[in-house]
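What follows is the content of protein.txt, which has compact mmCIF, C-alpha atoms:
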```txt
# COMPACT_ATOMS: atom_id res chain seq x y z
CA MET A 30 -71.38 -23.67 16.29
CA LYS A 31 -70.38 -22.42 19.71
CA CYS A 32 -68.16 -25.44 20.20
CA PHE A 33 -66.50 -24.72 16.87
CA ALA A 34 -65.75 -21.14 17.87
CA TYR A 35 -64.27 -22.40 21.12
CA ALA A 36 -62.02 -24.83 19.25
CA GLN A 37 -60.87 -22.02 17.01
CA LYS A 38 -60.02 -19.89 20.02
CA LEU A 39 -58.09 -22.74 21.55
CA ILE A 40 -56.05 -23.22 18.40
CA VAL A 41 -55.17 -19.51 18.36
CA VAL A 42 -54.05 -19.67 21.98
CA LEU A 43 -52.03 -22.81 21.34
CA LEU A 44 -50.38 -21.28 18.31
CA LEU A 45 -49.53 -18.19 20.34
CA MET A 46 -48.01 -20.32 23.07
CA MET A 47 -45.97 -22.28 20.55
CA GLY A 48 -44.77 -19.07 19.02
CA LEU A 49 -43.69 -17.72 22.37
CA SER A 50 -41.91 -20.88 23.37
CA ALA A 51 -40.14 -20.92 20.01
CA CYS A 52 -38.78 -17.46 20.83
CA GLN A 53 -37.63 -18.60 24.23
CA SER A 54 -35.86 -21.69 22.91
CA THR A 55 -33.76 -19.70 20.38
CA PRO A 56 -31.32 -17.68 22.47
CA GLN A 57 -30.05 -14.46 20.95
CA SER A 58 -26.64 -14.73 19.34
CA LEU A 59 -23.88 -12.43 20.54
CA TYR A 60 -24.10 -10.84 17.11
CA GLN A 61 -27.71 -9.87 17.88
CA LYS A 62 -26.83 -8.75 21.40
CA VAL A 63 -24.32 -6.21 20.12
CA GLY A 64 -26.83 -4.78 17.64
CA GLU A 65 -25.95 -6.75 14.52
CA GLN A 66 -24.07 -5.09 11.64
CA ALA A 67 -24.73 -1.49 12.76
CA GLY A 68 -23.73 -2.34 16.34
CA LEU A 69 -20.50 -4.00 15.20
CA GLU A 70 -19.64 -1.00 13.04
CA ARG A 71 -20.14 1.32 16.03
CA LEU A 72 -17.95 -0.94 18.16
CA VAL A 73 -15.13 -1.17 15.59
CA ASP A 74 -15.25 2.60 14.99
CA ALA A 75 -14.94 3.15 18.75
CA PHE A 76 -12.00 0.71 18.83
CA ILE A 77 -10.32 2.53 15.92
CA ASN A 78 -10.66 5.78 17.87
CA GLN A 79 -9.21 4.17 20.98
CA ILE A 80 -6.18 2.99 18.99
CA GLY A 81 -5.86 6.37 17.27
CA GLN A 82 -5.54 8.16 20.60
CA ASP A 83 -3.30 5.57 22.21
CA GLU A 84 0.45 5.86 22.72
CA VAL A 85 1.32 2.23 23.44
CA ILE A 86 0.11 0.30 20.39
CA PHE A 87 -0.49 3.07 17.85
CA HIS A 88 2.79 2.36 16.08
CA TYR A 89 1.52 -1.05 14.96
CA PHE A 90 -1.31 0.70 13.12
CA LYS A 91 0.30 3.91 11.91
CA GLN A 92 0.57 2.88 8.23
CA THR A 93 -2.47 0.60 8.27
CA ASN A 94 -5.32 1.29 5.87
CA VAL A 95 -8.22 2.32 8.14
CA SER A 96 -11.01 1.11 5.79
CA HIS A 97 -9.29 -2.24 5.23
CA PHE A 98 -8.88 -2.79 8.99
CA ARG A 99 -12.47 -1.68 9.71
CA ALA A 100 -14.05 -3.95 7.09
CA GLY A 101 -11.87 -6.91 8.11
CA PHE A 102 -12.52 -6.59 11.85
CA VAL A 103 -16.29 -6.05 11.41
CA SER A 104 -16.53 -9.14 9.20
CA HIS A 105 -14.34 -11.20 11.55
CA LEU A 106 -16.39 -10.24 14.62
CA CYS A 107 -19.65 -10.91 12.75
CA ASP A 108 -18.42 -14.43 11.93
CA VAL A 109 -17.02 -15.19 15.40
CA LEU A 110 -20.09 -13.83 17.24
CA GLY A 111 -22.53 -15.97 15.27
CA GLY A 112 -23.66 -13.46 12.67
CA PRO A 113 -24.49 -14.20 9.04
CA CYS A 114 -20.94 -13.56 7.78
CA GLN A 115 -18.10 -15.68 6.56
CA TYR A 116 -14.80 -13.97 7.30
CA ASP A 117 -12.55 -14.60 4.31
CA GLY A 118 -9.65 -12.34 5.18
CA ASP A 119 -6.17 -13.44 6.24
CA SER A 120 -5.89 -15.65 9.32
CA MET A 121 -4.88 -14.20 12.68
CA VAL A 122 -1.50 -15.92 12.27
CA GLN A 123 -0.94 -14.45 8.79
CA ILE A 124 -1.90 -10.98 10.00
CA HIS A 125 0.25 -10.91 13.14
CA THR A 126 3.33 -12.85 11.98
CA GLY A 127 6.42 -10.67 12.21
CA MET A 128 4.83 -8.09 14.50
CA HIS A 129 6.40 -9.71 17.58
CA ILE A 130 3.54 -8.54 19.79
CA ASN A 131 4.40 -9.00 23.46
CA GLU A 132 2.01 -9.83 26.29
CA ARG A 133 1.88 -6.26 27.54
CA ASP A 134 0.88 -4.81 24.15
CA PHE A 135 -1.62 -7.61 23.57
CA ASN A 136 -3.26 -6.97 26.95
CA HIS A 137 -3.29 -3.27 26.21
CA ALA A 138 -5.17 -3.90 22.95
CA VAL A 139 -7.72 -5.96 24.89
CA ASP A 140 -8.12 -3.05 27.34
CA LEU A 141 -8.78 -0.70 24.41
CA LEU A 142 -11.40 -3.12 23.06
CA ILE A 143 -13.07 -3.20 26.49
CA ALA A 144 -13.02 0.61 26.60
CA ALA A 145 -14.64 0.63 23.13
CA MET A 146 -17.32 -1.83 24.29
CA ASP A 147 -18.01 0.38 27.33
CA GLU A 148 -18.22 3.40 25.05
CA VAL A 149 -20.91 1.89 22.83
CA GLY A 150 -22.86 0.59 25.85
CA ILE A 151 -22.39 -3.17 25.59
CA ALA A 152 -23.42 -4.73 28.92
CA HIS A 153 -20.62 -6.31 30.95
CA PRO A 154 -22.00 -9.89 30.82
CA VAL A 155 -22.14 -9.59 27.02
CA GLN A 156 -18.61 -8.13 26.98
CA ASN A 157 -17.40 -11.17 28.91
CA GLN A 158 -19.06 -13.53 26.44
CA ILE A 159 -17.43 -11.67 23.53
CA LEU A 160 -14.00 -11.78 25.18
CA ALA A 161 -14.47 -15.51 25.83
CA LYS A 162 -15.03 -16.01 22.08
CA LEU A 163 -11.93 -14.01 21.19
CA ALA A 164 -9.61 -15.34 23.91
CA PRO A 165 -8.68 -18.59 22.13
CA MET A 166 -7.06 -16.50 19.34
CA ARG A 167 -4.48 -15.11 21.75
CA SER A 168 -1.86 -17.71 20.82
CA GLU A 169 -2.39 -16.92 17.11
CA ILE A 170 -1.57 -13.27 17.73
CA ILE A 171 1.21 -12.83 20.28
CA LYS A 172 4.94 -13.59 20.05
CA ILE A 173 4.89 -14.52 16.36
CA MET B 19 61.38 11.31 -5.06
CA PRO B 20 60.62 8.49 -7.48
CA PHE B 21 57.49 7.96 -5.43
CA PHE B 22 56.38 11.53 -6.06
CA ALA B 23 57.07 11.16 -9.74
CA LEU B 24 54.87 8.10 -9.82
CA LYS B 25 52.15 9.99 -7.98
CA ASP B 26 52.41 12.87 -10.48
CA ARG B 27 52.12 10.52 -13.36
CA LEU B 28 49.14 8.86 -11.76
CA ILE B 29 47.42 12.22 -11.36
CA VAL B 30 48.12 13.09 -14.99
CA THR B 31 46.69 9.75 -16.09
CA LEU B 32 43.63 10.18 -13.92
CA SER B 33 43.09 13.74 -15.14
CA THR B 34 43.28 12.58 -18.73
CA ALA B 35 40.73 9.91 -17.99
CA LEU B 36 38.45 12.45 -16.33
CA LEU B 37 38.86 14.87 -19.24
CA GLY B 38 37.92 12.02 -21.53
CA CYS B 39 34.71 11.53 -19.58
CA ALA B 40 34.06 15.27 -19.49
CA SER B 41 34.42 15.59 -23.25
CA ILE B 42 31.78 12.88 -23.72
CA ALA B 43 29.47 14.68 -21.31
CA VAL B 44 29.97 18.01 -23.11
CA SER B 45 29.02 16.53 -26.46
CA ALA B 46 25.76 15.11 -25.02
CA LYS B 47 22.62 17.09 -24.44
CA THR B 48 21.30 18.06 -21.06
CA LEU B 49 17.71 18.42 -19.94
CA ILE B 50 16.77 20.13 -16.69
CA VAL B 51 13.30 19.38 -15.37
CA VAL B 52 11.71 22.00 -13.10
CA ASP B 53 8.27 22.36 -11.54
CA GLN B 54 5.89 25.32 -11.88
CA HIS B 55 7.88 27.18 -9.17
CA GLY B 56 11.18 26.66 -10.97
CA SER B 57 12.45 24.08 -8.45
CA PRO B 58 14.41 21.11 -9.79
CA VAL B 59 12.34 17.94 -10.14
CA ASN B 60 13.80 14.60 -9.07
CA ASN B 61 12.43 11.31 -10.47
CA ALA B 62 11.07 12.77 -13.71
CA VAL B 63 11.10 10.07 -16.38
CA VAL B 64 12.16 10.74 -19.95
CA GLU B 65 11.66 8.08 -22.59
CA LEU B 66 13.40 8.70 -25.89
CA LEU B 67 11.39 8.04 -29.01
CA ASN B 68 12.70 7.17 -32.48
CA VAL B 69 15.70 5.46 -31.01
CA THR B 70 17.45 2.48 -32.45
CA THR B 71 18.11 0.86 -29.10
CA ASP B 72 17.34 -2.77 -28.58
CA ARG B 73 13.62 -3.39 -28.28
CA GLN B 74 14.06 -6.98 -27.21
CA PRO B 75 13.13 -7.19 -23.54
CA THR B 76 16.07 -7.78 -21.28
CA LYS B 77 16.24 -11.14 -19.51
CA GLN B 78 17.28 -9.39 -16.33
CA ILE B 79 14.62 -9.54 -13.64
CA ALA B 80 14.03 -6.14 -12.06
CA ILE B 81 13.31 -5.90 -8.33
CA MET B 82 10.62 -3.97 -6.46
CA ASP B 83 11.26 -4.76 -2.81
CA GLN B 84 9.17 -4.03 0.30
CA VAL B 85 11.32 -2.48 3.01
CA ASN B 86 10.05 -0.85 6.25
CA LYS B 87 6.53 -0.63 4.84
CA GLN B 88 7.72 1.21 1.73
CA PHE B 89 8.34 0.21 -1.86
CA SER B 90 12.03 0.13 -2.66
CA PRO B 91 12.76 1.72 -5.04
CA LYS B 92 9.80 4.08 -5.04
CA LEU B 93 10.18 4.40 -8.81
CA LEU B 94 11.36 1.54 -11.01
CA THR B 95 11.85 1.79 -14.76
CA VAL B 96 11.68 -1.39 -16.81
CA MET B 97 11.38 -2.31 -20.44
CA GLN B 98 8.24 -3.68 -22.05
CA GLY B 99 8.21 -7.46 -21.61
CA GLN B 100 10.59 -7.36 -18.66
CA GLN B 101 9.90 -9.34 -15.50
CA VAL B 102 9.73 -7.77 -12.05
CA SER B 103 10.19 -9.69 -8.83
CA PHE B 104 8.44 -8.51 -5.64
CA PRO B 105 10.42 -9.79 -2.66
CA ASN B 106 9.36 -8.86 0.86
CA SER B 107 12.24 -7.80 3.08
CA ASP B 108 9.83 -7.00 5.92
CA ASP B 109 8.88 -9.55 8.60
CA ILE B 110 5.20 -8.77 8.09
CA ARG B 111 2.83 -9.45 5.20
CA HIS B 112 2.03 -7.06 2.35
CA HIS B 113 -0.72 -7.15 -0.24
CA VAL B 114 0.54 -5.37 -3.34
CA TYR B 115 -1.93 -4.33 -6.01
CA SER B 116 -2.22 -2.27 -9.18
CA PHE B 117 -5.39 -0.98 -10.80
CA SER B 118 -3.41 0.53 -13.68
CA GLU B 119 -4.51 -0.29 -17.20
CA ALA B 120 -0.96 -1.16 -18.22
CA LYS B 121 -0.89 -4.02 -15.68
CA PRO B 122 -3.62 -4.73 -13.13
CA PHE B 123 -2.59 -7.38 -10.60
CA GLU B 124 -2.51 -8.30 -6.94
CA LEU B 125 0.10 -10.18 -5.00
CA LYS B 126 -0.17 -11.37 -1.41
CA LEU B 127 3.33 -11.30 0.01
CA TYR B 128 3.75 -13.24 3.22
CA ALA B 129 7.13 -13.02 4.92
CA GLY B 130 9.45 -15.77 3.72
CA THR B 131 7.09 -16.97 0.98
CA PRO B 132 8.45 -15.71 -2.36
CA LYS B 133 6.13 -15.22 -5.33
CA ALA B 134 7.00 -15.73 -9.00
CA PRO B 135 8.03 -12.56 -10.90
CA ILE B 136 5.40 -10.69 -12.92
CA THR B 137 5.86 -9.80 -16.61
CA PHE B 138 5.05 -6.23 -17.61
CA GLY B 139 4.13 -6.72 -21.26
CA GLN B 140 2.54 -3.36 -21.97
CA ALA B 141 4.29 0.00 -22.02
CA GLY B 142 2.87 2.60 -19.66
CA VAL B 143 2.62 3.60 -16.03
CA VAL B 144 1.81 1.16 -13.24
CA VAL B 145 0.88 2.61 -9.85
CA LEU B 146 1.46 0.24 -6.93
CA GLY B 147 -0.27 0.23 -3.57
CA CYS B 148 -0.59 -2.10 -0.59
CA ASN B 149 -4.06 -3.03 0.62
CA ILE B 150 -2.86 -3.33 4.18
CA HIS B 151 -0.51 -0.34 4.41
CA ASP B 152 -2.03 2.56 2.53
CA SER B 153 1.06 4.69 3.13
CA MET B 154 2.87 2.52 0.57
CA VAL B 155 2.89 3.97 -2.96
CA GLY B 156 5.23 2.93 -5.73
CA TYR B 157 5.57 3.31 -9.48
CA ILE B 158 6.78 1.12 -12.32
CA TYR B 159 7.42 2.95 -15.58
CA VAL B 160 7.33 0.44 -18.43
CA GLY B 161 9.19 1.81 -21.46
CA GLN B 162 8.83 0.70 -25.07
CA SER B 163 12.61 0.44 -25.29
CA SER B 164 15.52 0.59 -22.90
CA ALA B 165 15.98 4.31 -23.64
CA VAL B 166 14.38 5.45 -20.37
CA LEU B 167 16.16 7.96 -18.14
CA VAL B 168 15.36 9.48 -14.74
CA SER B 169 16.24 12.97 -13.49
CA ASP B 170 18.56 13.37 -10.52
CA GLU B 171 18.06 15.67 -7.51
CA GLN B 172 19.17 18.65 -9.58
CA GLY B 173 16.44 17.77 -12.10
CA LYS B 174 19.17 16.87 -14.58
CA ILE B 175 19.09 14.20 -17.27
CA ASP B 176 21.97 13.61 -19.69
CA LEU B 177 20.67 12.67 -23.10
CA PRO B 178 22.42 11.34 -26.19
CA ASP B 179 23.11 13.69 -29.12
CA HIS B 180 20.49 12.20 -31.37
CA VAL B 181 17.50 13.02 -29.14
CA SER B 182 14.53 14.35 -31.10
CA GLU B 183 11.22 13.36 -29.60
CA TYR B 184 10.67 12.12 -26.05
CA LEU B 185 7.98 11.33 -23.53
CA LEU B 186 7.95 13.13 -20.17
CA TRP B 187 6.28 11.78 -17.00
CA HIS B 188 6.39 12.30 -13.25
CA PRO B 189 4.64 10.43 -10.37
CA GLU B 190 3.23 13.71 -9.00
CA GLN B 191 2.28 15.35 -12.28
CA ALA B 192 -0.90 17.45 -12.28
CA ILE B 193 -2.26 15.75 -15.40
CA ASN B 194 -3.60 12.19 -15.34
CA ILE B 195 -1.09 9.79 -13.78
CA SER B 196 -1.00 7.47 -16.77
CA GLU B 197 -0.42 10.24 -19.31
CA ARG B 198 3.04 10.62 -20.83
CA THR B 199 3.53 13.95 -22.54
CA LYS B 200 5.18 13.93 -25.95
CA MET B 201 7.87 16.58 -26.29
CA ASN B 202 10.15 17.76 -29.09
CA TRP B 203 13.79 18.63 -28.77
CA PRO B 204 14.47 21.72 -30.91
CA ASP B 205 17.38 21.31 -33.32
CA ALA B 206 20.64 23.03 -32.41
CA HIS B 207 19.86 23.20 -28.71
CA THR B 208 22.27 21.41 -26.42
CA ASP B 209 20.73 22.44 -23.09
CA MET B 210 17.04 22.61 -22.45
CA GLN B 211 14.81 23.31 -19.49
CA VAL B 212 11.33 21.85 -19.33
CA THR B 213 8.60 22.67 -16.82
CA ILE B 214 6.23 20.04 -15.49
CA GLU B 215 3.32 20.99 -13.23
CA LEU B 216 3.26 18.94 -10.04
CA VAL B 217 0.61 18.54 -7.35
CA ALA B 218 1.01 17.43 -3.72
CA PRO B 219 0.09 13.75 -3.34
CA MET B 220 -3.34 12.96 -1.86
CA PRO B 221 -3.39 12.20 1.88
CA ARG B 222 -3.43 8.45 2.54
CA ASN B 223 -6.17 6.47 4.27
CA THR B 224 -4.03 5.47 7.26
CA PHE B 225 -4.27 5.61 11.06
CA GLY B 226 -1.22 7.91 10.92
CA GLU B 227 -3.06 10.39 8.68
CA LYS B 228 -6.44 10.10 10.45
CA PHE B 229 -5.01 10.65 13.92
CA LYS B 230 -2.05 12.89 13.13
CA GLU B 231 -3.24 15.61 15.54
CA HIS B 232 -2.79 13.11 18.39
CA HIS B 233 0.70 12.10 17.39
CA GLY B 234 2.42 15.36 16.61
CA GLN B 235 2.74 15.20 12.83
```

Would you encode the structure as structure tokens?
Amino acid sequence: MKCFAYAQKLIVVLLLMMGLSACQSTPQSLYQKVGEQAGLERLVDAFINQIGQDEVIFHYFKQTNVSHFRAGFVSHLCDVLGGPCQYDGDSMVQIHTGMHINERDFNHAVDLLIAAMDEVGIAHPVQNQILAKLAPMRSEIIKI
Amino acid sequence: MPFFALKDRLIVTLSTALLGCASIAVSAKTLIVVDQHGSPVNNAVVELLNVTTDRQPTKQIAIMDQVNKQFSPKLLTVMQGQQVSFPNSDDIRHHVYSFSEAKPFELKLYAGTPKAPITFGQAGVVVLGCNIHDSMVGYIYVGQSSAVLVSDEQGKIDLPDHVSEYLLWHPEQAINISERTKMNWPDAHTDMQVTIELVAPMPRNTFGEKFKEHHGQ
């Protein structure tokens, strides 16, 4: 009887350990690190405000539908950062073709995104991981 | 001297021609469209009813272009059954849509990738927007016949003598956008003034509108 109780206790401890190690072996996605859907919405809203008060790149956005941009960027980020979304909007090439965005304006937009990430309190190492995910799209956005 | 004589004769000929035109204009009827403040209304549409004009749709393809993130023209009148082409003269993409009952559709217009024209088979009002650029608003008025006329900047529309009943519509009318008001032309009147109540268009859902206090407009 006593031995049985001991075995039971052991199983509970083992299960607990397995559970813990399972947590440790599944690293958080960037999507989770930024606070999932609600966190992405806060970030994109902050970015929209950065653009709205900017003088350099505002003209690209002046006639843009705010809700359309917000929904598209949230969904795109969710997809790229490993969230449970499938971005089905236009490709980066389709969106930016004809805008003739130069390096200076592109870099300025990145600065505004960094300012938005600072504003919503995303830690710098996480910011760097996010930028690393977005960086490969640069050639699909500028000078087209 | 012979040169002057020739010039004189030319003037006489031209004047006669102009008088000819004027006499046609005088015999026609004139409608002036004004708003509730008495100001002339441009782009009011009048569609004549009970006309004997050709009801077969014209084969001519009408054009609603996209230029500098605006529809061009802002107002297009076509005939029921007529086709409309939507080119894109901008370098960037547009995503044109209509939720109007007369013709719901959407058209993704990428620069340099033409789309087939769209047939507008039902008479009525089609309001156009662009999903990407909310500042873009356009209108296609689809008439039952080709007897559709638009007022000029003085609010003036020249109508044929036989006008009796007509429909009146304006993109900024206070009543429902799709409603065309049936009007009667009183016998014996040659000149008429009609009042249409207009409202200011709703602000658009754009960055320009949202952040206008930061950008001086």

Requested in this report: Could you please determine the separation between CA of Val73 in chain A and CA of Phe89 in chain B in Å, to one decimal place?
Outcome: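 CA of Val73 in chain A sits 29.3 Å away from CA of Phe89 in chain B.
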
Requested in this report: For chain B, report every residue with an atom at most 6 Å from chain A (counting only C-alpha atoms), formatted as a list in words.
Outcome: Asp109, Ile110, Ile150, His151, Asp152, Ser153, Asn223, Thr224, Phe225, Gly226 and Phe229 of chain B

Report task. Step by step: start from the point (5.4, 1.9, -10.7) in the file's coordinates, keep every protein, DNA or RNA residue that has an atom no farther than 6 Å from it, count all atoms listed in the file, and write the set as a count of residues only. Result -> 9

Selection: 12 Å around Glu119 in chain B, all atoms listed in the file, excl. self and same-chain fewer than 5 positions, as a PDB file with C-alpha atoms, in the frame of the given file:
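Written out: part-v4.pdb:
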```pdb
ATOM      1  CA  PHE B 138       5.050  -6.230 -17.610  1.00  0.00           C
ATOM      2  CA  GLY B 139       4.130  -6.720 -21.260  1.00  0.00           C
ATOM      3  CA  GLN B 140       2.540  -3.360 -21.970  1.00  0.00           C
ATOM      4  CA  ALA B 141       4.290   0.000 -22.020  1.00  0.00           C
ATOM      5  CA  GLY B 142       2.870   2.600 -19.660  1.00  0.00           C
ATOM      6  CA  VAL B 143       2.620   3.600 -16.030  1.00  0.00           C
ATOM      7  CA  VAL B 144       1.810   1.160 -13.240  1.00  0.00           C
ATOM      8  CA  VAL B 145       0.880   2.610  -9.850  1.00  0.00           C
ATOM      9  CA  LEU B 146       1.460   0.240  -6.930  1.00  0.00           C
ATOM     10  CA  VAL B 160       7.330   0.440 -18.430  1.00  0.00           C
ATOM     11  CA  ILE B 195      -1.090   9.790 -13.780  1.00  0.00           C
ATOM     12  CA  SER B 196      -1.000   7.470 -16.770  1.00  0.00           C
ATOM     13  CA  GLU B 197      -0.420  10.240 -19.310  1.00  0.00           C
TER      14      GLU B 197
END
```

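Picture a line from CA of Asn61 in chain B to CA of Arg111 in chain B; it runs 27.7 Å.
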
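Within 12 Å of Val155 in chain A, once all atoms listed in the file are used and residues closer than 6 positions along the same chain are dropped, the contacting residues are Gln57, Ser58, Leu59, Tyr60, Gln61, Lys62, Val63, Gly64, Leu110, Ile143, Met146, Asp147, Ala161 and Lys162 of chain A.
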
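Reported to one decimal place, the separation of CA of Ser57 in chain B from CA of Gln172 in chain B is 8.7 Å.
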
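Considering the residues A:Gln66, A:Thr55, A:Asn136, A:Gln156 and counting only C-alpha atoms, Leu106 in chain A has its shortest atom-to-atom contact with A:Gln66.
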
Query raised in the report: Counting all atoms listed in the file, which of B:Ser118, B:Arg198, B:Ile193, B:Ser107 gets nearest to Gly130 in chain B?
Result: B:Ser107

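The closest residue to Met154 in chain B, picked from B:Val114, B:Ala192, B:Val63, B:Ile81 and counting only C-alpha atoms, is B:Val114.
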
For range 128-153 of chain A, supply N, CA and C atoms and report the output as a PDB file, keeping the file's coordinate frame.
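The resulting result-v6.pdb:
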```
ATOM      1  N   MET A 128       5.062  -9.291  13.688  1.00  0.00           N
ATOM      2  CA  MET A 128       4.830  -8.090  14.500  1.00  0.00           C
ATOM      3  C   MET A 128       5.455  -8.214  15.886  1.00  0.00           C
ATOM      4  N   HIS A 129       5.759  -9.446  16.278  1.00  0.00           N
ATOM      5  CA  HIS A 129       6.400  -9.710  17.580  1.00  0.00           C
ATOM      6  C   HIS A 129       5.666  -9.014  18.719  1.00  0.00           C
ATOM      7  N   ILE A 130       4.355  -9.200  18.769  1.00  0.00           N
ATOM      8  CA  ILE A 130       3.540  -8.540  19.790  1.00  0.00           C
ATOM      9  C   ILE A 130       3.773  -9.221  21.139  1.00  0.00           C
ATOM     10  N   ASN A 131       4.163  -8.410  22.138  1.00  0.00           N
ATOM     11  CA  ASN A 131       4.400  -9.000  23.460  1.00  0.00           C
ATOM     12  C   ASN A 131       3.108  -8.991  24.289  1.00  0.00           C
ATOM     13  N   GLU A 132       3.184  -9.665  25.431  1.00  0.00           N
ATOM     14  CA  GLU A 132       2.010  -9.830  26.290  1.00  0.00           C
ATOM     15  C   GLU A 132       1.425  -8.480  26.718  1.00  0.00           C
ATOM     16  N   ARG A 133       2.314  -7.570  27.056  1.00  0.00           N
ATOM     17  CA  ARG A 133       1.880  -6.260  27.540  1.00  0.00           C
ATOM     18  C   ARG A 133       1.073  -5.523  26.462  1.00  0.00           C
ATOM     19  N   ASP A 134       1.583  -5.518  25.229  1.00  0.00           N
ATOM     20  CA  ASP A 134       0.880  -4.810  24.150  1.00  0.00           C
ATOM     21  C   ASP A 134      -0.422  -5.518  23.787  1.00  0.00           C
ATOM     22  N   PHE A 135      -0.392  -6.856  23.844  1.00  0.00           N
ATOM     23  CA  PHE A 135      -1.620  -7.610  23.570  1.00  0.00           C
ATOM     24  C   PHE A 135      -2.693  -7.251  24.597  1.00  0.00           C
ATOM     25  N   ASN A 136      -2.299  -7.299  25.880  1.00  0.00           N
ATOM     26  CA  ASN A 136      -3.260  -6.970  26.950  1.00  0.00           C
ATOM     27  C   ASN A 136      -3.768  -5.543  26.809  1.00  0.00           C
ATOM     28  N   HIS A 137      -2.881  -4.664  26.376  1.00  0.00           N
ATOM     29  CA  HIS A 137      -3.290  -3.270  26.210  1.00  0.00           C
ATOM     30  C   HIS A 137      -4.347  -3.143  25.109  1.00  0.00           C
ATOM     31  N   ALA A 138      -4.175  -3.913  24.032  1.00  0.00           N
ATOM     32  CA  ALA A 138      -5.170  -3.900  22.950  1.00  0.00           C
ATOM     33  C   ALA A 138      -6.514  -4.416  23.453  1.00  0.00           C
ATOM     34  N   VAL A 139      -6.470  -5.442  24.305  1.00  0.00           N
ATOM     35  CA  VAL A 139      -7.720  -5.960  24.890  1.00  0.00           C
ATOM     36  C   VAL A 139      -8.379  -4.872  25.743  1.00  0.00           C
ATOM     37  N   ASP A 140      -7.569  -4.149  26.533  1.00  0.00           N
ATOM     38  CA  ASP A 140      -8.120  -3.050  27.340  1.00  0.00           C
ATOM     39  C   ASP A 140      -8.800  -2.000  26.458  1.00  0.00           C
ATOM     40  N   LEU A 141      -8.188  -1.697  25.312  1.00  0.00           N
ATOM     41  CA  LEU A 141      -8.780  -0.700  24.410  1.00  0.00           C
ATOM     42  C   LEU A 141     -10.098  -1.221  23.829  1.00  0.00           C
ATOM     43  N   LEU A 142     -10.152  -2.533  23.568  1.00  0.00           N
ATOM     44  CA  LEU A 142     -11.400  -3.120  23.060  1.00  0.00           C
ATOM     45  C   LEU A 142     -12.489  -3.038  24.124  1.00  0.00           C
ATOM     46  N   ILE A 143     -12.108  -3.298  25.387  1.00  0.00           N
ATOM     47  CA  ILE A 143     -13.070  -3.200  26.490  1.00  0.00           C
ATOM     48  C   ILE A 143     -13.568  -1.748  26.626  1.00  0.00           C
ATOM     49  N   ALA A 144     -12.633  -0.810  26.522  1.00  0.00           N
ATOM     50  CA  ALA A 144     -13.020   0.610  26.600  1.00  0.00           C
ATOM     51  C   ALA A 144     -14.000   0.948  25.473  1.00  0.00           C
ATOM     52  N   ALA A 145     -13.750   0.381  24.278  1.00  0.00           N
ATOM     53  CA  ALA A 145     -14.640   0.630  23.130  1.00  0.00           C
ATOM     54  C   ALA A 145     -16.016   0.012  23.383  1.00  0.00           C
ATOM     55  N   MET A 146     -16.041  -1.177  23.996  1.00  0.00           N
ATOM     56  CA  MET A 146     -17.320  -1.830  24.290  1.00  0.00           C
ATOM     57  C   MET A 146     -18.095  -1.026  25.335  1.00  0.00           C
ATOM     58  N   ASP A 147     -17.378  -0.499  26.331  1.00  0.00           N
ATOM     59  CA  ASP A 147     -18.010   0.380  27.330  1.00  0.00           C
ATOM     60  C   ASP A 147     -18.616   1.592  26.635  1.00  0.00           C
ATOM     61  N   GLU A 148     -17.827   2.172  25.736  1.00  0.00           N
ATOM     62  CA  GLU A 148     -18.220   3.400  25.050  1.00  0.00           C
ATOM     63  C   GLU A 148     -19.529   3.239  24.275  1.00  0.00           C
ATOM     64  N   VAL A 149     -19.694   2.076  23.631  1.00  0.00           N
ATOM     65  CA  VAL A 149     -20.910   1.890  22.830  1.00  0.00           C
ATOM     66  C   VAL A 149     -22.028   1.220  23.650  1.00  0.00           C
ATOM     67  N   GLY A 150     -21.800   1.052  24.952  1.00  0.00           N
ATOM     68  CA  GLY A 150     -22.860   0.590  25.850  1.00  0.00           C
ATOM     69  C   GLY A 150     -23.175  -0.893  25.808  1.00  0.00           C
ATOM     70  N   ILE A 151     -22.173  -1.723  25.540  1.00  0.00           N
ATOM     71  CA  ILE A 151     -22.390  -3.170  25.590  1.00  0.00           C
ATOM     72  C   ILE A 151     -22.316  -3.608  27.063  1.00  0.00           C
ATOM     73  N   ALA A 152     -23.352  -4.331  27.513  1.00  0.00           N
ATOM     74  CA  ALA A 152     -23.420  -4.730  28.920  1.00  0.00           C
ATOM     75  C   ALA A 152     -22.249  -5.638  29.291  1.00  0.00           C
ATOM     76  N   HIS A 153     -21.815  -5.553  30.530  1.00  0.00           N
ATOM     77  CA  HIS A 153     -20.620  -6.310  30.950  1.00  0.00           C
ATOM     78  C   HIS A 153     -20.746  -7.826  30.771  1.00  0.00           C
TER      79      HIS A 153
END
```
